[in-house]
$ cat model_2.pdb   # PDB, C-alpha atoms, pLDDT in the B column
ATOM      1  CA  MET Y 385    -147.332 331.925 160.745  1.00 55.00           C
ATOM      2  CA  PRO Y 386    -143.602 332.734 160.533  1.00 68.00           C
ATOM      3  CA  MET Y 387    -142.531 336.378 160.648  1.00 72.00           C
ATOM      4  CA  LYS Y 388    -142.353 338.156 157.326  1.00 78.00           C
ATOM      5  CA  VAL Y 389    -140.981 341.503 156.108  1.00 79.00           C
ATOM      6  CA  VAL Y 390    -143.307 343.392 153.791  1.00 83.00           C
ATOM      7  CA  ARG Y 391    -142.782 346.850 152.337  1.00 81.00           C
ATOM      8  CA  GLY Y 392    -145.559 349.369 152.057  1.00 84.00           C
ATOM      9  CA  ARG Y 393    -146.505 353.024 152.230  1.00 84.00           C
ATOM     10  CA  VAL Y 394    -149.248 355.212 153.610  1.00 88.00           C
ATOM     11  CA  GLU Y 395    -151.971 356.233 151.153  1.00 92.00           C
ATOM     12  CA  ASP Y 396    -154.906 358.341 152.325  1.00 95.00           C
ATOM     13  CA  GLY Y 397    -153.955 357.600 155.934  1.00 91.00           C
ATOM     14  CA  ARG Y 398    -153.888 353.811 155.496  1.00 91.00           C
ATOM     15  CA  VAL Y 399    -150.977 351.402 155.213  1.00 89.00           C
ATOM     16  CA  VAL Y 400    -150.890 349.736 151.798  1.00 91.00           C
ATOM     17  CA  VAL Y 401    -148.464 346.813 151.469  1.00 90.00           C
ATOM     18  CA  ASP Y 402    -146.738 345.627 148.312  1.00 87.00           C
ATOM     19  CA  GLU Y 403    -147.942 342.031 148.579  1.00 87.00           C
ATOM     20  CA  PRO Y 404    -151.117 340.384 149.871  1.00 90.00           C
ATOM     21  CA  LEU Y 405    -151.337 339.266 153.494  1.00 90.00           C
ATOM     22  CA  PRO Y 406    -153.730 336.694 154.941  1.00 89.00           C
ATOM     23  CA  GLU Y 407    -156.993 338.170 156.196  1.00 91.00           C
ATOM     24  CA  GLY Y 408    -156.930 338.878 159.926  1.00 90.00           C
ATOM     25  CA  VAL Y 409    -153.143 338.600 160.319  1.00 88.00           C
ATOM     26  CA  GLU Y 410    -151.694 340.899 162.990  1.00 86.00           C
ATOM     27  CA  VAL Y 411    -149.001 343.331 161.888  1.00 86.00           C
ATOM     28  CA  THR Y 412    -146.575 345.713 163.547  1.00 83.00           C
ATOM     29  CA  VAL Y 413    -145.757 348.922 161.728  1.00 83.00           C
ATOM     30  CA  VAL Y 414    -142.386 350.575 162.375  1.00 78.00           C
ATOM     31  CA  VAL Y 415    -142.224 354.240 161.418  1.00 76.00           C
ATOM     32  CA  ALA Y 416    -139.053 356.313 161.335  1.00 67.00           C
ATOM     33  CA  ALA Y 417    -139.171 359.430 163.510  1.00 70.00           C
ATOM     34  CA  GLY Y 418    -139.064 362.890 161.981  1.00 70.00           C
ATOM     35  CA  ASP Y 419    -137.457 363.053 158.579  1.00 71.00           C
ATOM     36  CA  GLU Y 420    -135.473 359.836 159.050  1.00 69.00           C
ATOM     37  CA  ARG Y 421    -136.065 357.135 156.475  1.00 70.00           C
ATOM     38  CA  PHE Y 422    -136.420 353.414 157.009  1.00 68.00           C
ATOM     39  CA  ASP Y 423    -135.136 352.394 153.599  1.00 75.00           C
ATOM     40  CA  HIS Y 424    -133.324 349.173 152.896  1.00 80.00           C
ATOM     41  CA  ASP Y 425    -132.175 347.846 149.569  1.00 82.00           C
ATOM     42  CA  GLU Y 426    -133.235 344.423 148.319  1.00 83.00           C
ATOM     43  CA  GLU Y 427    -130.048 342.794 149.669  1.00 89.00           C
ATOM     44  CA  GLN Y 428    -130.706 344.110 153.188  1.00 87.00           C
ATOM     45  CA  ILE Y 429    -134.346 342.974 153.018  1.00 83.00           C
ATOM     46  CA  ALA Y 430    -133.167 339.504 151.898  1.00 86.00           C
ATOM     47  CA  GLU Y 431    -130.738 339.340 154.853  1.00 88.00           C
ATOM     48  CA  LEU Y 432    -133.502 340.312 157.268  1.00 84.00           C
ATOM     49  CA  ARG Y 433    -135.835 337.692 155.794  1.00 83.00           C
ATOM     50  CA  ALA Y 434    -133.084 335.054 156.082  1.00 88.00           C
ATOM     51  CA  SER Y 435    -132.568 335.994 159.740  1.00 85.00           C
ATOM     52  CA  LEU Y 436    -136.285 335.677 160.435  1.00 82.00           C
ATOM     53  CA  ASP Y 437    -136.272 332.252 158.738  1.00 86.00           C
ATOM     54  CA  GLU Y 438    -133.379 331.176 161.005  1.00 87.00           C
ATOM     55  CA  ALA Y 439    -135.317 332.304 164.073  1.00 83.00           C
ATOM     56  CA  ASP Y 440    -138.407 330.419 162.885  1.00 84.00           C
ATOM     57  CA  ARG Y 441    -136.259 327.277 162.662  1.00 87.00           C
ATOM     58  CA  GLY Y 442    -135.014 327.849 166.221  1.00 86.00           C
ATOM     59  CA  GLU Y 443    -131.504 328.803 165.128  1.00 87.00           C
ATOM     60  CA  LEU Y 444    -131.023 331.430 167.832  1.00 84.00           C
ATOM     61  CA  VAL Y 445    -128.075 332.962 169.674  1.00 83.00           C
ATOM     62  CA  PRO Y 446    -128.540 333.349 173.448  1.00 84.00           C
ATOM     63  CA  LEU Y 447    -128.837 336.972 174.613  1.00 83.00           C
ATOM     64  CA  ASP Y 448    -125.833 336.720 176.933  1.00 86.00           C
ATOM     65  CA  VAL Y 449    -123.651 335.691 173.972  1.00 85.00           C
ATOM     66  CA  VAL Y 450    -124.943 338.602 171.879  1.00 81.00           C
ATOM     67  CA  LEU Y 451    -124.328 341.106 174.677  1.00 87.00           C
ATOM     68  CA  SER Y 452    -120.867 339.743 175.440  1.00 88.00           C
ATOM     69  CA  GLY Y 453    -119.728 340.101 171.824  1.00 76.00           C
ATOM     70  CA  ARG Y 454    -118.469 336.495 171.687  1.00 68.00           C
TER      71      ARG Y 454
END
$ encode --input "model_2.pdb" --output "structure tokens"
Amino acid sequence: MPMKVVRGRVEDGRVVVDEPLPEGVEVTVVVAAGDERFDHDEEQIAELRASLDEADRGELVPLDVVLSGR
């Protein structure tokens, strides 16, 4: 399954997401530290989803190119 960005919140100590996920799928939850917020507007979420789609298609940039700033 390709990577996917899904918003959610904690309710009664459990993560509740805004859209259904397939049963048994593994997830990673990223939580901001302290009083920081991990908020992104819809445009930023769309850009992140587009980047994940590119990665799923194998459209990657080698790490050495990223680190060199080329």
$ resolve_selection --input "model_2.pdb" --expression "the PyMOL selection byres ((chain Y and resi 402-417) around 10)" --output "list of chain:residue names"
Y:Met385, Y:Met387, Y:Lys388, Y:Val390, Y:Arg391, Y:Gly392, Y:Arg393, Y:Val399, Y:Val400, Y:Val401, Y:Gly418, Y:Asp419, Y:Glu420, Y:Arg421, Y:Phe422, Y:Asp423
$ axis_aligned_box --input "model_2.pdb" --around "segment 424-430 of chain Y" --padding-each-side "6 Å" --output "JSON"
{"center_x": -132.2, "center_y": 344.3, "center_z": 150.8, "size_x": 16.3, "size_y": 21.7, "size_z": 16.9}
$ closest_residue --input "model_2.pdb" --among "Y:Val394, Y:Val389, Y:Val445, Y:Val450" --to "Leu432 of chain Y" --atoms "only C-alpha atoms"
Y:Val389
$ atom_distance --input "model_2.pdb" --atom1 "atom CA of Glu443 of chain Y" --atom2 "atom CA of Glu431 of chain Y"
14.7 Å
$ atom_distance --input "model_2.pdb" --atom1 "atom CA of Leu436 of chain Y" --atom2 "atom CA of His424 of chain Y"
15.7 Å
$ build_atoms --input "model_2.pdb" --residues "segment 421-432 of chain Y" --atoms "all heavy atoms" --output "PDB file, keeping the file's coordinate frame"
ATOM      1  N   ARG Y 421    -135.454 358.105 157.376  1.00 70.00           N
ATOM      2  CA  ARG Y 421    -136.065 357.135 156.475  1.00 70.00           C
ATOM      3  C   ARG Y 421    -135.729 355.734 156.937  1.00 70.00           C
ATOM      4  O   ARG Y 421    -134.685 355.497 157.512  1.00 70.00           O
ATOM      5  CB  ARG Y 421    -135.581 357.361 155.060  1.00 70.00           C
ATOM      6  CG  ARG Y 421    -136.045 358.731 154.561  1.00 70.00           C
ATOM      7  CD  ARG Y 421    -135.971 358.835 153.095  1.00 70.00           C
ATOM      8  NE  ARG Y 421    -136.509 357.672 152.444  1.00 70.00           N
ATOM      9  CZ  ARG Y 421    -137.513 357.700 151.571  1.00 70.00           C
ATOM     10  NH1 ARG Y 421    -138.089 358.822 151.289  1.00 70.00           N
ATOM     11  NH2 ARG Y 421    -137.920 356.605 150.984  1.00 70.00           N
ATOM     12  N   PHE Y 422    -136.613 354.829 156.691  1.00 68.00           N
ATOM     13  CA  PHE Y 422    -136.420 353.414 157.009  1.00 68.00           C
ATOM     14  C   PHE Y 422    -136.335 352.670 155.689  1.00 68.00           C
ATOM     15  O   PHE Y 422    -137.198 351.894 155.331  1.00 68.00           O
ATOM     16  CB  PHE Y 422    -137.589 352.924 157.868  1.00 68.00           C
ATOM     17  CG  PHE Y 422    -137.384 351.546 158.432  1.00 68.00           C
ATOM     18  CD1 PHE Y 422    -136.487 351.323 159.451  1.00 68.00           C
ATOM     19  CD2 PHE Y 422    -138.107 350.476 157.939  1.00 68.00           C
ATOM     20  CE1 PHE Y 422    -136.309 350.061 159.980  1.00 68.00           C
ATOM     21  CE2 PHE Y 422    -137.934 349.207 158.454  1.00 68.00           C
ATOM     22  CZ  PHE Y 422    -137.032 349.004 159.479  1.00 68.00           C
ATOM     23  N   ASP Y 423    -135.300 353.002 154.918  1.00 75.00           N
ATOM     24  CA  ASP Y 423    -135.136 352.394 153.599  1.00 75.00           C
ATOM     25  C   ASP Y 423    -134.043 351.342 153.636  1.00 75.00           C
ATOM     26  O   ASP Y 423    -132.969 351.573 154.195  1.00 75.00           O
ATOM     27  CB  ASP Y 423    -134.743 353.448 152.560  1.00 75.00           C
ATOM     28  CG  ASP Y 423    -135.901 354.323 152.154  1.00 75.00           C
ATOM     29  OD1 ASP Y 423    -137.053 353.867 152.254  1.00 75.00           O
ATOM     30  OD2 ASP Y 423    -135.654 355.460 151.721  1.00 75.00           O
ATOM     31  N   HIS Y 424    -134.317 350.221 153.038  1.00 80.00           N
ATOM     32  CA  HIS Y 424    -133.324 349.173 152.896  1.00 80.00           C
ATOM     33  C   HIS Y 424    -133.365 348.705 151.451  1.00 80.00           C
ATOM     34  O   HIS Y 424    -134.441 348.637 150.847  1.00 80.00           O
ATOM     35  CB  HIS Y 424    -133.616 348.001 153.835  1.00 80.00           C
ATOM     36  CG  HIS Y 424    -133.520 348.368 155.277  1.00 80.00           C
ATOM     37  ND1 HIS Y 424    -132.374 348.834 155.848  1.00 80.00           N
ATOM     38  CD2 HIS Y 424    -134.436 348.353 156.260  1.00 80.00           C
ATOM     39  CE1 HIS Y 424    -132.577 349.091 157.127  1.00 80.00           C
ATOM     40  NE2 HIS Y 424    -133.825 348.808 157.399  1.00 80.00           N
ATOM     41  N   ASP Y 425    -132.197 348.367 150.927  1.00 82.00           N
ATOM     42  CA  ASP Y 425    -132.175 347.846 149.569  1.00 82.00           C
ATOM     43  C   ASP Y 425    -132.598 346.375 149.591  1.00 82.00           C
ATOM     44  O   ASP Y 425    -132.789 345.780 150.644  1.00 82.00           O
ATOM     45  CB  ASP Y 425    -130.807 348.038 148.914  1.00 82.00           C
ATOM     46  CG  ASP Y 425    -129.674 347.340 149.657  1.00 82.00           C
ATOM     47  OD1 ASP Y 425    -129.909 346.291 150.283  1.00 82.00           O
ATOM     48  OD2 ASP Y 425    -128.531 347.857 149.583  1.00 82.00           O
ATOM     49  N   GLU Y 426    -132.741 345.802 148.420  1.00 83.00           N
ATOM     50  CA  GLU Y 426    -133.235 344.423 148.319  1.00 83.00           C
ATOM     51  C   GLU Y 426    -132.300 343.441 149.026  1.00 83.00           C
ATOM     52  O   GLU Y 426    -132.753 342.461 149.609  1.00 83.00           O
ATOM     53  CB  GLU Y 426    -133.427 344.035 146.854  1.00 83.00           C
ATOM     54  CG  GLU Y 426    -134.591 344.752 146.189  1.00 83.00           C
ATOM     55  CD  GLU Y 426    -135.916 344.533 146.918  1.00 83.00           C
ATOM     56  OE1 GLU Y 426    -136.210 343.404 147.337  1.00 83.00           O
ATOM     57  OE2 GLU Y 426    -136.660 345.520 147.067  1.00 83.00           O
ATOM     58  N   GLU Y 427    -130.998 343.684 148.992  1.00 89.00           N
ATOM     59  CA  GLU Y 427    -130.048 342.794 149.669  1.00 89.00           C
ATOM     60  C   GLU Y 427    -130.256 342.820 151.182  1.00 89.00           C
ATOM     61  O   GLU Y 427    -130.258 341.773 151.836  1.00 89.00           O
ATOM     62  CB  GLU Y 427    -128.611 343.204 149.333  1.00 89.00           C
ATOM     63  CG  GLU Y 427    -127.576 342.286 149.950  1.00 89.00           C
ATOM     64  CD  GLU Y 427    -126.156 342.673 149.575  1.00 89.00           C
ATOM     65  OE1 GLU Y 427    -125.955 343.306 148.515  1.00 89.00           O
ATOM     66  OE2 GLU Y 427    -125.251 342.326 150.346  1.00 89.00           O
ATOM     67  N   GLN Y 428    -130.467 343.997 151.745  1.00 87.00           N
ATOM     68  CA  GLN Y 428    -130.706 344.110 153.188  1.00 87.00           C
ATOM     69  C   GLN Y 428    -132.024 343.451 153.580  1.00 87.00           C
ATOM     70  O   GLN Y 428    -132.112 342.789 154.613  1.00 87.00           O
ATOM     71  CB  GLN Y 428    -130.692 345.580 153.611  1.00 87.00           C
ATOM     72  CG  GLN Y 428    -129.320 346.209 153.506  1.00 87.00           C
ATOM     73  CD  GLN Y 428    -129.371 347.710 153.644  1.00 87.00           C
ATOM     74  OE1 GLN Y 428    -130.220 348.373 153.064  1.00 87.00           O
ATOM     75  NE2 GLN Y 428    -128.451 348.249 154.434  1.00 87.00           N
ATOM     76  N   ILE Y 429    -133.054 343.620 152.761  1.00 83.00           N
ATOM     77  CA  ILE Y 429    -134.346 342.974 153.018  1.00 83.00           C
ATOM     78  C   ILE Y 429    -134.170 341.458 152.969  1.00 83.00           C
ATOM     79  O   ILE Y 429    -134.695 340.735 153.817  1.00 83.00           O
ATOM     80  CB  ILE Y 429    -135.413 343.436 152.004  1.00 83.00           C
ATOM     81  CG1 ILE Y 429    -135.714 344.924 152.190  1.00 83.00           C
ATOM     82  CG2 ILE Y 429    -136.686 342.598 152.118  1.00 83.00           C
ATOM     83  CD1 ILE Y 429    -136.429 345.288 153.458  1.00 83.00           C
ATOM     84  N   ALA Y 430    -133.404 340.944 152.012  1.00 86.00           N
ATOM     85  CA  ALA Y 430    -133.167 339.504 151.898  1.00 86.00           C
ATOM     86  C   ALA Y 430    -132.436 338.984 153.135  1.00 86.00           C
ATOM     87  O   ALA Y 430    -132.764 337.911 153.652  1.00 86.00           O
ATOM     88  CB  ALA Y 430    -132.374 339.190 150.639  1.00 86.00           C
ATOM     89  N   GLU Y 431    -131.452 339.748 153.643  1.00 88.00           N
ATOM     90  CA  GLU Y 431    -130.738 339.340 154.853  1.00 88.00           C
ATOM     91  C   GLU Y 431    -131.678 339.301 156.052  1.00 88.00           C
ATOM     92  O   GLU Y 431    -131.607 338.381 156.874  1.00 88.00           O
ATOM     93  CB  GLU Y 431    -129.584 340.305 155.130  1.00 88.00           C
ATOM     94  CG  GLU Y 431    -128.432 340.174 154.162  1.00 88.00           C
ATOM     95  CD  GLU Y 431    -127.341 341.201 154.415  1.00 88.00           C
ATOM     96  OE1 GLU Y 431    -127.293 341.797 155.518  1.00 88.00           O
ATOM     97  OE2 GLU Y 431    -126.537 341.426 153.496  1.00 88.00           O
ATOM     98  N   LEU Y 432    -132.542 340.287 156.168  1.00 84.00           N
ATOM     99  CA  LEU Y 432    -133.502 340.312 157.268  1.00 84.00           C
ATOM    100  C   LEU Y 432    -134.459 339.128 157.175  1.00 84.00           C
ATOM    101  O   LEU Y 432    -134.723 338.453 158.177  1.00 84.00           O
ATOM    102  CB  LEU Y 432    -134.278 341.629 157.272  1.00 84.00           C
ATOM    103  CG  LEU Y 432    -135.294 341.836 158.380  1.00 84.00           C
ATOM    104  CD1 LEU Y 432    -134.685 341.618 159.763  1.00 84.00           C
ATOM    105  CD2 LEU Y 432    -135.908 343.215 158.284  1.00 84.00           C
TER     106      LEU Y 432
END
